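Undergrad: First, the structure itself, so that you have it in front of you.
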Amino acid sequence: MADFEIRDLRASVEGRQILKGVSLGINKGEVHAVMGPNGSGKSTLSHTLMGHPGYTVDGGEVTFKGKNVLELEPDERARLGMFLAFQYPVVVPGISMTNFLRTALNAKRGYDGKDKSKQISPKEFRSMLEGELEVLHMDNSFLPRYINDGFSGGEKKRAEILQMAMLKPELAILDETDSGLDIDSIKFVAEAVNRMRGPQLGVLIITHYTRILEFIKPDFVHVLVDGKFVLSGGPEVAERLEKTGYSEWVKEEDAPKEVA
Amino acid sequence: MATAPKIDVGSDYKEKYGFFVPEEYVFKAKRGLNPEIVKEISWMKQEPEWMTKLRLRSLEIFRKKPMPKWGADLSVIDFENIFYYLKASDKQSKTWEELPPDIKATYDRLGVPEAERKFLAGVSAQYESEVVYHSLQKELTAKGVIFTDTDSALRDYPELFKEYFGTVIPPADNKFSALNTAVWSGGSFIYVPKGVRVDIPLQAYFRINAENMGQFERTLIICDEGSFVHYIEGCTAPIYTTDSLHSAVVEIIVKKNARCRYTTIQNWSTNVFNLVTKRALAYADATMEWVDGNLGSQITMKYPSVYLMEPGAKGDVLSVAFAGKGQHQDAGGKMIHVAPNTTSTITSKSISKGGGRTSYRGHIKIYPGANNCKSFVKCDALLLDDESRSDTYPYNDVDAENVTLGHEATVSKVSDEQLFYLMSRGITRSEAETMIVNGFIEPFTKELPLEYAVELNRLIQLEMEGSVG
């Protein structure tokens with residue numbers, strides 16, 4: 001069994017079944033890409049894995065580090081080592097990014113407001129933060145800003161990866177991280193993710209386009225169509241999609257138009 | 001091995017100050033309200049005749065005025081069952097052991113120092129901050145600033161006092177201002193001379209004693225031309241009192257080019273009816289800012305107002321109200337544009353939880369001829385569950401030309417998306433909710449001195465955990 005194991009996962013939104021039996025194993029050190037056309041269930045997969053209350057699990061299993069993930073609250077999943085980089089990061093007014101990052105980091109370390117020894121020291125926090133900001137080509141000015149408030153598309157996505165770098169997950173799900181990014185931003189984001197790659201991290205990249213996979217090379221690629229994997233393989237699957245798109249599985253006229 | 005002496009700060013006040021020596025007392029506290037009690041209060045304080053007469057006249061007005069029919073339900077107040085004047089020693093009759101456990105627990109959680117707790121809980125009559133107070137007084141006196149309690153001001157500055165007292169809020173203004181004028185005791189008196197800026201905020205805290213923490217305190221602030229002062233009343237720790245009615249009056253005069261900021265953080269125990277009248281007069285190019293935070297109490301009715309008397313005057317109200325189970329916070333603000341080219345803003349933030357109820361009630365009045373005025377009202381309500389309630393009652397009367405009037409109101413709930421986002425980073429649900437609430441009131445918190453802001457955030461956290469009240 002892989003470190004992170006999804007077995008026959010079925011999930012629905014508002015009574016409509018979107019995931020119709022997805023199975024996937026991700027070991028630490030591996031990068032998997034899930035590709036699919038619009039409406040194939042990509043967002044449902046990422047949200048269900050992280051435990052969004054709007055998604056109902058109809059069947060199947062998800063295990064991580066021997067734990068039944070589906071029984072856990074989103075915060076418990078995060079403290080177990082899972083991370084989701086959001087496609088649409090949420091605005092939370094009145095809370096600075098610094099405060100947010102520190103609170104999240106302390107939560108991850110098991111600090112509950114009582115045992116001060118678990119709390120990150122200001123010095124350690126600052127030096128960690130400065131290092132990661134540099135990799136992402138971000139400056140300090142965004143730290144006092146409210147969570148995602150008034151951020152450009154690129155800033156939001158970089159801020160997601162910054163959070164990932166600070167929280168050091170063991171399984172990271174990147175949900176359409178490349179959408180809405182210019183090429184420079186994609187490079188910075190990819191560079192940051194590549195730096196984190198290693199034997200302690202499993203990555204699941206969810207994407208419509210192959211573009212980000214040019215910068216973050218996947219070990220495995222899975223094609224999701226209508227809630228099921230229709231093809232799995234190595235990096236060559238992405239190359240094939242680059243040429244033919246999803247036309248093998250979806251008629252172009254049926255495919256919803258990409259708005260982004 | 002030597003045993004450390006048991007430190008029990010405040011327990012020796014009796015001996016030290018003789019508060020418990022019964023022979024000292026001629027005045028015996030009685031419940032109820034009648035001319036004899038009012039006369040006794042005035043006599044106890046050795047007041048001039050004009051004040052005694054004003055008190056008696058105010059009592060008549062109080063009796064004639066009907067109870068307000070709007071706002072919260074006040075019919076349960078039994079005016080005959082209230083002590084209208086207590087000497088500090090009478091208030092001290094409680095012991096620490098008699099305090100409700102939730103109040104004690106809150107002091108623990110907030111980390112309020114021992115001496116301060118006893119004061120806040122009404123167990124001791126004074127709080128040891130005299131050292132701070134005295135060094136501050138020296139500095140203020142050098143600048144000609146008067147900062148004292150209102151009773152002393154009547155005695156020590158009779159002319160200044162008489163010139164302004166009751167001019168902003170006359171006894172006949174409303175039922176509770178009449179009551180306050182009849183039985184007032186304690187409060188702060190501040191006079192800032194022309195052109196003087198008081199750089200550090202003046203806090204009632206520095207010279208806090210049971211007298212000015214009374215139920216019917218009276219505050220009078222006069223900012224002379226071009227001066228500046230920031231006054232802070234209250235504190236975030238819950239103030240425990242067995243008295244159920246708090247009805248204060250605050251009068252402020254801000255003269256030409258002066259600026260006054262009045263910050264309140266109040267957290268009465270949840271048995272208290274908090275009915276306060278606050279009003280300021282702002283003259284040419286003067287600025288008056290009310291920063292008003294209301295937590296605690298069973299019912300609060302409070303609408304700080306600014307009368308914009310001359311061109312260029314500016315009024316601001318920034319308020320936050322938190323209503324938990326069984327609480328009703330009916331708060332807001334009033335801006336009365338008397339002169340042209342005056343501006344005002346009201347920003348109201350309210351949070352309701354566990355069936356609590358908040359109301360925004362505001363009045364913008366622009367008099368005929370007060371042309372070119374601008375006023376903007378923004379009220380945001382956050383409901384934390386389905387049982388809680390929030391209402392908005394804005395009243396606008398505009399009788400002038402070329403007026404810009406804006407009103408924006410939002411009611412929101414803690415969104416699932418925000419919760420999910422924060423929780424996906426490992427933050428627990430309750431901590432995430434607290435963060436969202438603290439974020440919601442951040443426009444208020446950021447106006448507070450740092451130590452108050454930190455305490456307020458901590459208090460919100462306690463409220464969110466449901467461990468308060």
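Residue names in the structure tokens use chain letters A, B, ... in the order shown, residue numbers from 1 in each chain, and ligand numbers from 1 in the order shown.
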Return the neighbours of chain A among the residues of chain B, cut-off 10 Å, counting only C-alpha atoms, as a tab-separated table (two decimals) with N, CA and C atoms, in the first residue's frame.

TA:
```tsv
chain	number	residue	atom	x	y	z
B	415	SER	N	-18.26	32.32	6.88
B	415	SER	CA	-18.50	31.50	5.70
B	415	SER	C	-17.77	30.17	5.78
B	416	ASP	N	-18.42	29.15	5.21
B	416	ASP	CA	-17.82	27.82	5.15
B	416	ASP	C	-16.50	27.85	4.41
B	417	GLU	N	-16.45	28.70	3.37
B	417	GLU	CA	-15.23	28.75	2.57
B	417	GLU	C	-14.05	29.28	3.38
B	418	GLN	N	-14.31	30.34	4.18
B	418	GLN	CA	-13.24	30.89	5.01
B	418	GLN	C	-12.80	29.88	6.06
B	419	LEU	N	-13.79	29.23	6.68
B	419	LEU	CA	-13.47	28.23	7.70
B	419	LEU	C	-12.64	27.09	7.11
B	420	PHE	N	-13.09	26.61	5.94
B	420	PHE	CA	-12.40	25.49	5.30
B	420	PHE	C	-10.96	25.89	4.95
B	421	TYR	N	-10.82	27.11	4.47
B	421	TYR	CA	-9.49	27.58	4.08
B	421	TYR	C	-8.55	27.59	5.28
B	422	LEU	N	-8.99	28.20	6.37
B	422	LEU	CA	-8.13	28.29	7.55
B	422	LEU	C	-7.88	26.90	8.15
B	423	MET	N	-8.93	26.08	8.18
B	423	MET	CA	-8.78	24.74	8.76
B	423	MET	C	-7.86	23.87	7.92
B	424	SER	N	-7.86	24.10	6.60
B	424	SER	CA	-7.00	23.29	5.73
B	424	SER	C	-5.52	23.56	6.01
B	425	ARG	N	-5.26	24.58	6.86
B	425	ARG	CA	-3.88	24.88	7.24
B	425	ARG	C	-3.57	24.36	8.63
B	426	GLY	N	-4.49	23.55	9.18
B	426	GLY	CA	-4.22	22.93	10.47
B	426	GLY	C	-4.82	23.67	11.65
B	427	ILE	N	-5.49	24.78	11.37
B	427	ILE	CA	-6.06	25.59	12.44
B	427	ILE	C	-7.41	25.00	12.85
B	428	THR	N	-7.64	24.83	14.16
B	428	THR	CA	-8.88	24.19	14.60
B	428	THR	C	-10.09	25.07	14.27
B	429	ARG	N	-11.26	24.44	14.26
B	429	ARG	CA	-12.47	25.16	13.93
B	429	ARG	C	-12.67	26.36	14.86
B	431	GLU	N	-10.53	28.01	16.69
B	431	GLU	CA	-9.52	29.05	16.49
B	431	GLU	C	-9.77	29.80	15.17
B	432	ALA	N	-10.21	29.05	14.15
B	432	ALA	CA	-10.50	29.67	12.86
B	432	ALA	C	-11.66	30.65	12.99
B	435	MET	N	-10.44	33.72	14.67
B	435	MET	CA	-9.66	34.54	13.74
B	435	MET	C	-10.58	35.37	12.84
B	436	ILE	N	-11.62	34.72	12.34
B	436	ILE	CA	-12.53	35.41	11.42
B	436	ILE	C	-13.23	36.57	12.15
B	437	VAL	N	-13.63	36.32	13.41
B	437	VAL	CA	-14.30	37.37	14.18
B	437	VAL	C	-13.32	38.51	14.48
B	438	ASN	N	-12.12	38.15	14.91
B	438	ASN	CA	-11.12	39.19	15.18
B	438	ASN	C	-10.77	39.97	13.91
B	439	GLY	N	-10.77	39.27	12.80
B	439	GLY	CA	-10.52	39.94	11.52
B	439	GLY	C	-11.65	40.91	11.19
B	440	PHE	N	-12.86	40.48	11.51
B	440	PHE	CA	-14.05	41.30	11.25
B	440	PHE	C	-14.00	42.62	12.01
B	441	ILE	N	-13.53	42.57	13.27
B	441	ILE	CA	-13.51	43.81	14.06
B	441	ILE	C	-12.16	44.52	13.99
B	442	GLU	N	-11.28	44.04	13.12
B	442	GLU	CA	-9.94	44.62	13.03
B	442	GLU	C	-9.95	46.13	12.77
B	443	PRO	N	-10.87	46.64	11.92
B	443	PRO	CA	-10.89	48.10	11.72
B	443	PRO	C	-11.08	48.86	13.04
B	445	THR	N	-10.18	47.35	16.23
B	445	THR	CA	-9.03	47.00	17.08
B	445	THR	C	-7.80	47.82	16.75
B	446	LYS	N	-7.61	48.09	15.45
B	446	LYS	CA	-6.38	48.78	15.07
B	446	LYS	C	-6.36	50.23	15.55
```

Undergrad: Fewer than 3 positions away in the same chain doesn't count, so skip those; otherwise give me all residues within 7 Å of segment 241-246 of chain A, counting only C-alpha atoms, as a PyMOL selection string.

TA: chain A and resi 37+210+237-238+249-250

Undergrad: Write out as a PyMOL selection string which residues come within 8 Å of segment 13-29 of chain A when counting only C-alpha atoms, dropping same-chain ones fewer than 3 positions away.

TA: chain A and resi 1-10+32+40-41+44-45+54-56+60+170-171+197-204+226-229
